[in-house]
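Asks: Before anything else, here's the structure in question.
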Amino acid sequence: MELRSVEELMDLLYACRGVRDATRRPAPSVDLHDHALRTAALLRRARPADKELQLAGLVRPVGRLLSPADPAGRAGRAADAVRPLLGPRVAGLVRLHPRRGVPADGDLLSLRQADEDALTSVFDAGVLEDWRTVLELVSVHNSRMRTVD
């Protein structure tokens, strides 16, 4: 599946509401939607200028919906889905996030740390609609970059 519009991505992110990820141990089952919002919010606080990193934290959970029966393939499916819309950097971060044996740069370490912190942090991370403008900006930037290539 390739996401071709911000609206399609927003629909998929809204579909994460109520979906729980019980595979994480020792943390309790978490709502993917809430976890994505908290992860993105933590990244926004830590790295306010890095919109692509923030969006990697926001969109990462869509792999659970795209590949429910294949936990090992979720990151790849999510990365493939968001690449046309959000670009290779966001897709690369989403793809590499769960791979613990892969050497991690600062961006990947920040994403992993925010993901872990979002499991135990409880705060109002806003609503998904707050991210629409950022998604649109990165999408437009990415489409311009594809045009130049």
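Letters A, B, ... mark the chains of the structure tokens in the order given; residue numbers begin at 1 per chain; ligand numbers begin at 1, in order shown.
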Could you name the residues that touch A:Pro84 at 9 Å or less, counting only C-alpha atoms, but leaving out those on the same chain fewer than 4 positions away, as a JSON list (two decimals) with all heavy atoms, in the first residue's frame?

Replies:
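out_21.json written:
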[["chain", "number", "residue", "atom", "x", "y", "z"],
["A", 2, "GLU", "N", 0.56, 2.17, -0.88],
["A", 2, "GLU", "CA", 1.23, 3.46, -0.90],
["A", 2, "GLU", "C", 0.23, 4.53, -0.52],
["A", 2, "GLU", "O", -0.87, 4.58, -1.07],
["A", 2, "GLU", "CB", 1.73, 3.78, -2.32],
["A", 2, "GLU", "CG", 3.10, 3.31, -2.60],
["A", 2, "GLU", "CD", 3.60, 3.81, -3.96],
["A", 2, "GLU", "OE1", 3.01, 4.76, -4.52],
["A", 2, "GLU", "OE2", 4.56, 3.23, -4.43],
["A", 3, "LEU", "N", 0.62, 5.36, 0.41],
["A", 3, "LEU", "CA", -0.25, 6.47, 0.80],
["A", 3, "LEU", "C", 0.04, 7.63, -0.15],
["A", 3, "LEU", "O", 1.18, 8.03, -0.33],
["A", 3, "LEU", "CB", 0.04, 6.87, 2.24],
["A", 3, "LEU", "CG", -0.29, 5.79, 3.27],
["A", 3, "LEU", "CD1", 0.28, 6.15, 4.62],
["A", 3, "LEU", "CD2", -1.78, 5.59, 3.35],
["A", 4, "ARG", "N", -1.00, 8.14, -0.76],
["A", 4, "ARG", "CA", -0.83, 9.18, -1.78],
["A", 4, "ARG", "C", -1.28, 10.56, -1.33],
["A", 4, "ARG", "O", -1.05, 11.54, -2.03],
["A", 4, "ARG", "CB", -1.58, 8.79, -3.03],
["A", 4, "ARG", "CG", -1.05, 7.52, -3.63],
["A", 4, "ARG", "CD", -1.79, 7.16, -4.90],
["A", 4, "ARG", "NE", -1.41, 5.85, -5.36],
["A", 4, "ARG", "CZ", -0.35, 5.60, -6.11],
["A", 4, "ARG", "NH1", 0.45, 6.56, -6.45],
["A", 4, "ARG", "NH2", -0.10, 4.37, -6.50],
["A", 80, "ASP", "N", 7.33, 1.60, 3.59],
["A", 80, "ASP", "CA", 6.95, 1.60, 2.18],
["A", 80, "ASP", "C", 5.70, 2.44, 1.93],
["A", 80, "ASP", "O", 5.59, 3.10, 0.90],
["A", 80, "ASP", "CB", 6.73, 0.17, 1.68],
["A", 80, "ASP", "CG", 8.01, -0.65, 1.63],
["A", 80, "ASP", "OD1", 9.11, -0.06, 1.67],
["A", 80, "ASP", "OD2", 7.91, -1.89, 1.57],
["A", 88, "PRO", "N", 12.16, 9.74, 1.85],
["A", 88, "PRO", "CA", 13.05, 8.64, 2.24],
["A", 88, "PRO", "C", 13.57, 8.72, 3.68],
["A", 88, "PRO", "O", 13.82, 7.70, 4.30],
["A", 88, "PRO", "CB", 14.20, 8.74, 1.24],
["A", 88, "PRO", "CG", 14.15, 10.12, 0.70],
["A", 88, "PRO", "CD", 12.72, 10.56, 0.78],
["A", 91, "ALA", "N", 10.76, 7.47, 6.00],
["A", 91, "ALA", "CA", 10.62, 6.03, 5.74],
["A", 91, "ALA", "C", 11.80, 5.25, 6.31],
["A", 91, "ALA", "O", 11.61, 4.19, 6.91],
["A", 91, "ALA", "CB", 10.49, 5.77, 4.24],
["A", 139, "SER", "N", 4.98, 16.74, 3.23],
["A", 139, "SER", "CA", 4.51, 16.13, 1.99],
["A", 139, "SER", "C", 4.79, 17.03, 0.79],
["A", 139, "SER", "O", 5.28, 16.56, -0.25],
["A", 139, "SER", "CB", 3.01, 15.84, 2.10],
["A", 139, "SER", "OG", 2.53, 15.35, 0.87],
["A", 142, "ASN", "N", 8.49, 17.09, 0.13],
["A", 142, "ASN", "CA", 8.91, 15.84, -0.49],
["A", 142, "ASN", "C", 8.50, 15.78, -1.96],
["A", 142, "ASN", "O", 9.26, 15.31, -2.81],
["A", 142, "ASN", "CB", 8.34, 14.65, 0.27],
["A", 142, "ASN", "CG", 8.82, 13.34, -0.31],
["A", 142, "ASN", "OD1", 10.02, 13.10, -0.41],
["A", 142, "ASN", "ND2", 7.89, 12.51, -0.73],
["A", 143, "SER", "N", 7.31, 16.25, -2.29],
["A", 143, "SER", "CA", 6.87, 16.22, -3.69],
["A", 143, "SER", "C", 7.73, 17.15, -4.54],
["A", 143, "SER", "O", 8.03, 16.83, -5.68],
["A", 143, "SER", "CB", 5.40, 16.58, -3.82],
["A", 143, "SER", "OG", 5.16, 17.93, -3.51]]

Asks: Find the spatial neighbours of A:Gly106, counting only C-alpha atoms, within a cut-off of 12 Å - ignore same-chain residues fewer than 4 positions away - and output them as a short mmCIF file (atom, residue, chain, number, x, y, z; two decimals) with all heavy atoms, in the first residue's frame.

Replies:
data_model
loop_
_atom_site.label_atom_id
_atom_site.label_comp_id
_atom_site.auth_asym_id
_atom_site.auth_seq_id
_atom_site.Cartn_x
_atom_site.Cartn_y
_atom_site.Cartn_z
N ARG A 47 13.42 18.08 19.77
CA ARG A 47 13.99 18.53 18.50
C ARG A 47 12.94 19.32 17.71
O ARG A 47 12.39 18.84 16.73
CB ARG A 47 14.45 17.32 17.69
CG ARG A 47 15.37 16.36 18.42
CD ARG A 47 16.84 16.53 18.16
NE ARG A 47 17.26 16.35 16.81
CZ ARG A 47 17.62 15.19 16.27
NH1 ARG A 47 17.61 14.08 16.98
NH2 ARG A 47 18.01 15.14 15.02
N LEU A 53 11.69 13.90 11.79
CA LEU A 53 11.88 13.01 12.93
C LEU A 53 10.59 12.90 13.74
O LEU A 53 10.17 11.81 14.13
CB LEU A 53 13.03 13.50 13.82
CG LEU A 53 13.33 12.67 15.06
CD1 LEU A 53 13.77 11.26 14.69
CD2 LEU A 53 14.39 13.35 15.91
N LEU A 93 13.75 6.05 8.88
CA LEU A 93 13.65 6.01 10.34
C LEU A 93 12.60 5.02 10.80
O LEU A 93 12.81 4.26 11.76
CB LEU A 93 13.35 7.41 10.89
CG LEU A 93 14.48 8.42 10.82
CD1 LEU A 93 13.98 9.83 11.04
CD2 LEU A 93 15.57 8.06 11.82
N HIS A 97 13.69 1.70 12.98
CA HIS A 97 13.34 1.86 14.39
C HIS A 97 13.38 0.57 15.19
O HIS A 97 14.01 0.51 16.24
CB HIS A 97 11.98 2.54 14.52
CG HIS A 97 11.50 2.60 15.92
ND1 HIS A 97 10.69 1.64 16.47
CD2 HIS A 97 11.75 3.49 16.92
CE1 HIS A 97 10.45 1.94 17.73
NE2 HIS A 97 11.07 3.05 18.02
N SER A 110 17.19 9.06 19.13
CA SER A 110 16.16 9.96 19.64
C SER A 110 14.77 9.39 19.44
O SER A 110 13.92 9.46 20.33
CB SER A 110 16.24 11.33 18.94
OG SER A 110 17.42 11.99 19.27
N LEU A 111 14.55 8.79 18.28
CA LEU A 111 13.25 8.18 18.00
C LEU A 111 12.98 7.02 18.95
O LEU A 111 11.90 6.91 19.52
CB LEU A 111 13.21 7.69 16.54
CG LEU A 111 11.94 6.97 16.10
CD1 LEU A 111 10.70 7.84 16.29
CD2 LEU A 111 12.08 6.53 14.64
N ARG A 112 13.96 6.18 19.14
CA ARG A 112 13.79 5.03 20.05
C ARG A 112 13.56 5.49 21.48
O ARG A 112 12.72 4.92 22.19
CB ARG A 112 15.01 4.12 19.98
CG ARG A 112 15.09 3.34 18.70
CD ARG A 112 16.32 2.49 18.65
NE ARG A 112 16.39 1.76 17.39
CZ ARG A 112 17.48 1.17 16.94
NH1 ARG A 112 18.59 1.19 17.65
NH2 ARG A 112 17.46 0.53 15.79
N GLN A 113 14.28 6.52 21.92
CA GLN A 113 14.13 7.01 23.28
C GLN A 113 12.73 7.61 23.49
O GLN A 113 12.08 7.35 24.49
CB GLN A 113 15.19 8.05 23.62
CG GLN A 113 15.15 8.53 25.05
CD GLN A 113 15.43 7.42 26.03
OE1 GLN A 113 16.43 6.72 25.91
NE2 GLN A 113 14.55 7.23 27.01
#

Asks: Find the residues around A:Val82 up to 12 Å (only C-alpha atoms counted), leave out those fewer than 4 positions away in its own chain, and share them as a short mmCIF file (atom, residue, chain, number, x, y, z; two decimals) with C-alpha atoms, in the first residue's frame.

Replies:
data_model
loop_
_atom_site.label_atom_id
_atom_site.label_comp_id
_atom_site.auth_asym_id
_atom_site.auth_seq_id
_atom_site.Cartn_x
_atom_site.Cartn_y
_atom_site.Cartn_z
CA MET A 1 0.00 0.00 0.00
CA GLU A 2 1.23 3.46 -0.90
CA LEU A 3 -0.25 6.47 0.80
CA ARG A 4 -0.83 9.18 -1.78
CA SER A 5 -2.33 11.95 0.32
CA VAL A 6 -2.20 13.40 3.80
CA GLU A 8 -5.23 8.87 3.49
CA LEU A 9 -2.49 8.94 6.11
CA MET A 10 -4.72 10.78 8.59
CA LEU A 12 -4.95 5.39 8.77
CA LEU A 13 -3.67 7.16 11.87
CA GLU A 52 10.65 14.63 9.71
CA LEU A 55 6.58 12.51 11.89
CA ALA A 56 8.56 9.28 12.02
CA LEU A 58 3.85 9.78 14.65
CA VAL A 59 3.43 7.41 11.71
CA ARG A 60 5.41 4.42 12.94
CA PRO A 61 2.36 2.57 14.34
CA VAL A 62 0.59 2.29 10.97
CA GLY A 63 2.63 -0.85 10.33
CA LEU A 66 -0.93 -2.71 7.48
CA ALA A 75 8.21 -1.58 10.02
CA GLY A 76 8.94 -2.31 6.37
CA ARG A 77 5.29 -2.06 5.37
CA ALA A 78 4.87 1.22 7.24
CA LEU A 86 6.82 11.82 3.49
CA GLY A 87 10.09 10.93 1.79
CA PRO A 88 13.05 8.64 2.24
CA ARG A 89 14.26 10.02 5.59
CA VAL A 90 10.97 9.44 7.40
CA ALA A 91 10.62 6.03 5.74
CA GLY A 92 14.18 5.08 6.70
CA LEU A 93 13.65 6.01 10.34
CA VAL A 94 10.39 4.07 10.46
CA ARG A 95 12.05 1.03 8.84
CA LEU A 135 2.22 16.40 7.51
CA VAL A 138 6.63 17.67 4.73
CA SER A 139 4.51 16.13 1.99
CA ASN A 142 8.91 15.84 -0.49
#

Asks: Just checking: using only C-alpha atoms, which residue out of A:Leu85, A:Leu32, A:Leu37, A:Arg20 ends up closest to A:Trp131?

Replies: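 Looking at the shortest contact to A:Trp131, the residue is A:Leu37.
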
Asks: With only C-alpha atoms as the basis for distance, which of A:Val134, A:Ala36, A:Ala79, A:Leu65 is at the shortest distance from A:Asp50?

Replies: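 So, comparing all the options, the nearest one is A:Val134.
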
Asks: Apply DSSP to the structure's backbone, then extract all residues of chain A labelled helix (DSSP H, G or I) and return them as JSON, numbers by chain.

Replies: {"A": [6, 7, 8, 9, 10, 11, 12, 13, 14, 15, 32, 33, 34, 35, 36, 37, 38, 39, 40, 41, 42, 43, 44, 45, 46, 51, 52, 53, 54, 55, 56, 57, 58, 59, 62, 63, 64, 65, 66, 71, 72, 73, 74, 75, 76, 77, 78, 79, 80, 81, 82, 83, 84, 85, 86, 88, 89, 90, 91, 92, 93, 94, 95, 96, 106, 107, 108, 109, 110, 111, 112, 113, 114, 115, 116, 117, 118, 119, 120, 128, 129, 130, 131, 132, 133, 134, 135, 136, 137, 138, 139, 140, 141, 142, 143, 144, 145, 146, 147, 148]}

Asks: Which one of A:Ala46, A:Ser121, A:Leu137, A:Gln54 sits closest to A:Val30 if you count only C-alpha atoms?

Replies: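 Counting only C-alpha atoms, the residue closest to A:Val30 is A:Ser121.
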
Asks: Quick one: of A:Ala118, A:Arg83, A:Asp130, A:Ala125, who's nearest to A:Thr39, counting only C-alpha atoms?

Replies: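 Selected residue with least distance to A:Thr39: A:Ala118.
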
Asks: Just asking: which residues within chain A are strand (DSSP E or B) according to DSSP, as a ChimeraX atom specification?

Replies: /A:20-21,30-31

Asks: So how many Å separate atom CA of A:Ala41 and atom CA of A:Gly57, to one decimal?

Replies: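 Atom-to-atom, atom CA of A:Ala41 and atom CA of A:Gly57 are spaced 8.7 Å apart.
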
Asks: In Å, how far is it from atom CA of A:Arg144 to atom CA of A:Ala15?

Replies: 28.6 Å
